[in-house]
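Single-structure report; data block below.
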Amino acid sequence: MTDYILLIIGIILMIVGIIGCLAPVLPGPPLSYIGIILLHLSRFGQFSKTVLIVLGIVTILVTVLDYIVPIWGTRKFGGSKYGVRGATVGLVVGFFLGPAGIIIGPLIGAIVGELIFKDDLKYAFKAGFGSLLGFLTGVGLKLAASFIMTFYFIKEWIV
C-alpha cells in the first residue's frame with residue numbers, strides 16, 4: 001500500500017515539476033527530483049547511487065542557474081531588475097493565454113518593466129529582449145532537467 005502511495009505522489013510531483021518549469025511560483029526540477037526519490041523508495045523503481053547523485057547535482061545546478069541566467073541576460077543587454085520582474089509577471093499572464101502567451105507575455109512584460117524603469121522605447125526593447133532571452137534560457141534549462149528526470153522515472157517504473 002505504501003509503495004502505491006509513493007508511486008502516486010511521485011507521478012503527481014513529476015507532472016507538477018514540469019508545470020513548475022513554466023510557472024514561476026513552483027520549483028520545477030526540485031519537485032521532479034523528489035518524485036524520483038519517492039519512486040526509488042518504492043518497490044517500483046531502484047536507481048543507482050550514481051544516477052541519484054547526478055540528477056541531484058543537475059537539479060541544484062539548474063535551480064541556481066535559473067536565478068543567474070535571467071540576470072546575466074538582462075545585464076548583457078543593459079537591462080534592469082524591472083525587466084526581469086516584468087518578464088515574470090508577463091509569463092504568469094501569458095500562461096493563461098496558451099503557448100503563444102508563454103513567449104509573448106514575458107517579452108511584453110520585460111518591455112513594460114523596462115519602460116517603468118526608464119522612459120526610453122529603444123532602451124526598453126533592447127533590455128526587454130535581453131530579459132526575455134535570459135528568462136527563456138532559464139525556463140529551457142529547467143524543462144530539460146525535468147523532462148530528463150521524467151524520462152528516467154518512466155523508464156524505471158515501466159521497465
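Ordered as shown in the C-alpha cells, chains take letters A, B, and onward, while each chain numbers its residues from 1 and ligands are numbered from 1 in the order shown.
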
Env of segment 122-139 of chain A: 6 Å cut, atoms = only C-alpha atoms, seq-sep filter 6 positions within chain, self excluded. Answer as a PyMOL selection string. chain A and resi 21+66+69-70+73-74+77-79+83-84+107+110-111+114-115

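Within 8 Å of Arg85 of chain A, once only C-alpha atoms are used and residues closer than 3 positions along the same chain are dropped, the contacting residues are Lys81, Tyr82, Thr88, Val89, Gly109, Ala110 and Gly113 of chain A.
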
Can I get the selected residues back with N, CA and C atoms, as a short mmCIF file (atom, residue, chain, number, x, y, z; two decimals), in the first residue's frame?
data_model
loop_
_atom_site.label_atom_id
_atom_site.label_comp_id
_atom_site.auth_asym_id
_atom_site.auth_seq_id
_atom_site.Cartn_x
_atom_site.Cartn_y
_atom_site.Cartn_z
N LYS A 81 16.49 45.16 -13.10
CA LYS A 81 15.68 44.14 -12.42
C LYS A 81 14.20 44.31 -12.77
N TYR A 82 13.82 45.50 -13.22
CA TYR A 82 12.43 45.73 -13.61
C TYR A 82 12.06 44.89 -14.84
N THR A 88 8.64 38.03 -15.60
CA THR A 88 7.99 37.05 -14.73
C THR A 88 6.49 37.29 -14.68
N VAL A 89 6.08 38.54 -14.50
CA VAL A 89 4.65 38.87 -14.50
C VAL A 89 4.03 38.53 -15.86
N GLY A 109 6.04 41.83 -20.95
CA GLY A 109 6.28 42.17 -19.55
C GLY A 109 7.66 42.78 -19.33
N ALA A 110 8.67 42.22 -19.99
CA ALA A 110 10.03 42.76 -19.85
C ALA A 110 10.11 44.17 -20.41
N GLY A 113 8.29 46.47 -18.05
CA GLY A 113 9.12 46.66 -16.86
C GLY A 113 10.25 47.63 -17.11
#

Identify, on the basis of only C-alpha atoms, every residue whose closest approach to segment 101-104 of chain A does not exceed 6 Å; exclude the query and any residue fewer than 5 positions from it along the same chain; express the result as an NGL selection string. :A and (91 or 94-95)

Selected residues written out with C-alpha atoms, as a PDB file, in the first residue's frame:
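Here's the written file again-v3.pdb:
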ATOM      1  CA  LEU A  91       4.815  34.782 -18.026  1.00  0.00           C
ATOM      2  CA  GLY A  94       0.794  34.642 -20.690  1.00  0.00           C
ATOM      3  CA  PHE A  95       0.415  31.221 -19.075  1.00  0.00           C
TER       4      PHE A  95
END

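Taking only C-alpha atoms into account, Phe44 of chain A lies nearest to A:Ile8 out of the set A:Ile15, A:Leu65, A:Ile8, A:Ala145.
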
Give the alpha helix (DSSP H) residues of segment 17-159 of chain A, as assigned by DSSP on the backbone, as an MDAnalysis selection string. chainID A and resid 17:22 28:41 49:76 81:95 99:117 121:158

Go ahead and save the residues from that selection, with C-alpha atoms, as a CSV table (one decimal), in the first residue's frame.
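This went into again-v4.csv:
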chain,number,residue,atom,x,y,z
A,17,GLY,CA,7.5,19.6,-11.7
A,18,ILE,CA,7.1,20.1,-15.5
A,19,ILE,CA,4.3,22.6,-14.9
A,20,GLY,CA,6.6,24.3,-12.3
A,21,CYS,CA,9.2,24.9,-15.1
A,22,LEU,CA,6.7,27.3,-16.7
A,28,GLY,CA,10.1,22.5,-11.2
A,29,PRO,CA,13.3,20.5,-11.1
A,30,PRO,CA,13.4,20.1,-7.3
A,31,LEU,CA,9.8,18.7,-7.4
A,32,SER,CA,10.8,16.3,-10.2
A,33,TYR,CA,13.8,15.2,-8.2
A,34,ILE,CA,11.6,14.5,-5.2
A,35,GLY,CA,9.4,12.4,-7.5
A,36,ILE,CA,12.5,10.4,-8.5
A,37,ILE,CA,13.4,9.9,-4.8
A,38,LEU,CA,9.8,8.7,-4.0
A,39,LEU,CA,9.9,6.2,-6.8
A,40,HIS,CA,13.3,5.0,-5.6
A,41,LEU,CA,11.9,4.5,-2.1
A,49,LYS,CA,23.5,5.9,-6.4
A,50,THR,CA,25.3,7.5,-9.4
A,51,VAL,CA,22.0,8.3,-11.1
A,52,LEU,CA,20.6,9.8,-7.9
A,53,ILE,CA,23.7,11.9,-7.3
A,54,VAL,CA,24.0,13.1,-10.9
A,55,LEU,CA,20.3,14.1,-11.0
A,56,GLY,CA,20.7,15.8,-7.6
A,57,ILE,CA,23.6,17.8,-8.9
A,58,VAL,CA,21.7,18.7,-12.1
A,59,THR,CA,18.8,19.8,-10.0
A,60,ILE,CA,20.9,22.1,-7.8
A,61,LEU,CA,22.8,23.4,-10.8
A,62,VAL,CA,19.7,24.2,-12.9
A,63,THR,CA,18.0,25.8,-9.9
A,64,VAL,CA,21.0,28.1,-9.2
A,65,LEU,CA,21.4,28.9,-12.9
A,66,ASP,CA,17.7,29.8,-13.1
A,67,TYR,CA,18.5,32.8,-10.8
A,68,ILE,CA,21.7,33.7,-12.5
A,69,VAL,CA,20.9,33.4,-16.3
A,70,PRO,CA,18.0,35.9,-16.4
A,71,ILE,CA,20.1,38.4,-14.5
A,72,TRP,CA,23.0,37.8,-16.9
A,73,GLY,CA,20.8,38.2,-20.0
A,74,THR,CA,19.3,41.4,-18.6
A,75,ARG,CA,22.7,42.9,-17.8
A,76,LYS,CA,24.2,41.8,-21.1
A,81,LYS,CA,15.7,44.1,-12.4
A,82,TYR,CA,12.4,45.7,-13.6
A,83,GLY,CA,12.8,43.9,-16.9
A,84,VAL,CA,13.3,40.5,-15.1
A,85,ARG,CA,10.3,41.2,-12.9
A,86,GLY,CA,8.2,42.3,-15.9
A,87,ALA,CA,9.1,39.1,-17.7
A,88,THR,CA,8.0,37.0,-14.7
A,89,VAL,CA,4.7,38.9,-14.5
A,90,GLY,CA,4.3,38.5,-18.3
A,91,LEU,CA,4.8,34.8,-18.0
A,92,VAL,CA,2.1,34.4,-15.4
A,93,VAL,CA,-0.4,36.4,-17.5
A,94,GLY,CA,0.8,34.6,-20.7
A,95,PHE,CA,0.4,31.2,-19.1
A,99,PRO,CA,1.5,28.5,-25.8
A,100,ALA,CA,2.0,31.8,-27.7
A,101,GLY,CA,1.3,33.7,-24.4
A,102,ILE,CA,4.1,31.9,-22.7
A,103,ILE,CA,6.5,33.5,-25.2
A,104,ILE,CA,4.8,36.9,-25.9
A,105,GLY,CA,3.9,37.5,-22.3
A,106,PRO,CA,7.4,37.6,-20.9
A,107,LEU,CA,8.6,39.8,-23.8
A,108,ILE,CA,5.8,42.3,-23.3
A,109,GLY,CA,6.3,42.2,-19.5
A,110,ALA,CA,10.0,42.8,-19.8
A,111,ILE,CA,9.5,45.7,-22.2
A,112,VAL,CA,6.9,47.2,-19.9
A,113,GLY,CA,9.1,46.7,-16.9
A,114,GLU,CA,12.0,48.4,-18.6
A,115,LEU,CA,9.7,51.3,-19.6
A,116,ILE,CA,8.7,51.7,-16.0
A,117,PHE,CA,12.4,51.9,-15.1
A,121,LEU,CA,11.4,52.8,-26.0
A,122,LYS,CA,14.6,51.8,-27.8
A,123,TYR,CA,16.3,51.0,-24.5
A,124,ALA,CA,13.2,49.1,-23.3
A,125,PHE,CA,13.1,46.9,-26.4
A,126,LYS,CA,16.8,46.1,-26.2
A,127,ALA,CA,16.8,45.4,-22.5
A,128,GLY,CA,13.4,43.7,-22.7
A,129,PHE,CA,14.9,41.3,-25.3
A,130,GLY,CA,17.8,40.6,-23.0
A,131,SER,CA,15.5,39.9,-20.1
A,132,LEU,CA,13.4,37.6,-22.3
A,133,LEU,CA,16.4,35.8,-23.6
A,134,GLY,CA,17.8,35.1,-20.1
A,135,PHE,CA,14.3,34.2,-18.8
A,136,LEU,CA,13.6,31.7,-21.6
A,137,THR,CA,17.1,30.2,-21.3
A,138,GLY,CA,16.3,29.5,-17.6
A,139,VAL,CA,12.9,28.0,-18.5
A,140,GLY,CA,14.6,25.9,-21.1
A,141,LEU,CA,17.2,24.6,-18.7
A,142,LYS,CA,14.5,23.7,-16.1
A,143,LEU,CA,12.3,22.0,-18.7
A,144,ALA,CA,15.3,19.9,-20.0
A,145,ALA,CA,16.2,18.8,-16.4
A,146,SER,CA,12.6,17.9,-15.5
A,147,PHE,CA,12.0,16.1,-18.8
A,148,ILE,CA,15.2,14.1,-18.3
A,149,MET,CA,14.0,13.2,-14.8
A,150,THR,CA,10.6,12.3,-16.1
A,151,PHE,CA,12.2,10.0,-18.7
A,152,TYR,CA,14.2,8.2,-16.0
A,153,PHE,CA,11.1,8.0,-13.8
A,154,ILE,CA,9.0,6.4,-16.6
A,155,LYS,CA,11.8,4.2,-17.7
A,156,GLU,CA,12.5,2.8,-14.2
A,157,TRP,CA,8.8,2.5,-13.4
A,158,ILE,CA,7.7,0.7,-16.6

Straight-line distance linking atom CA of Leu97 of chain A with atom CA of Pro27 of chain A, stated in Å to one decimal: 21.4 Å
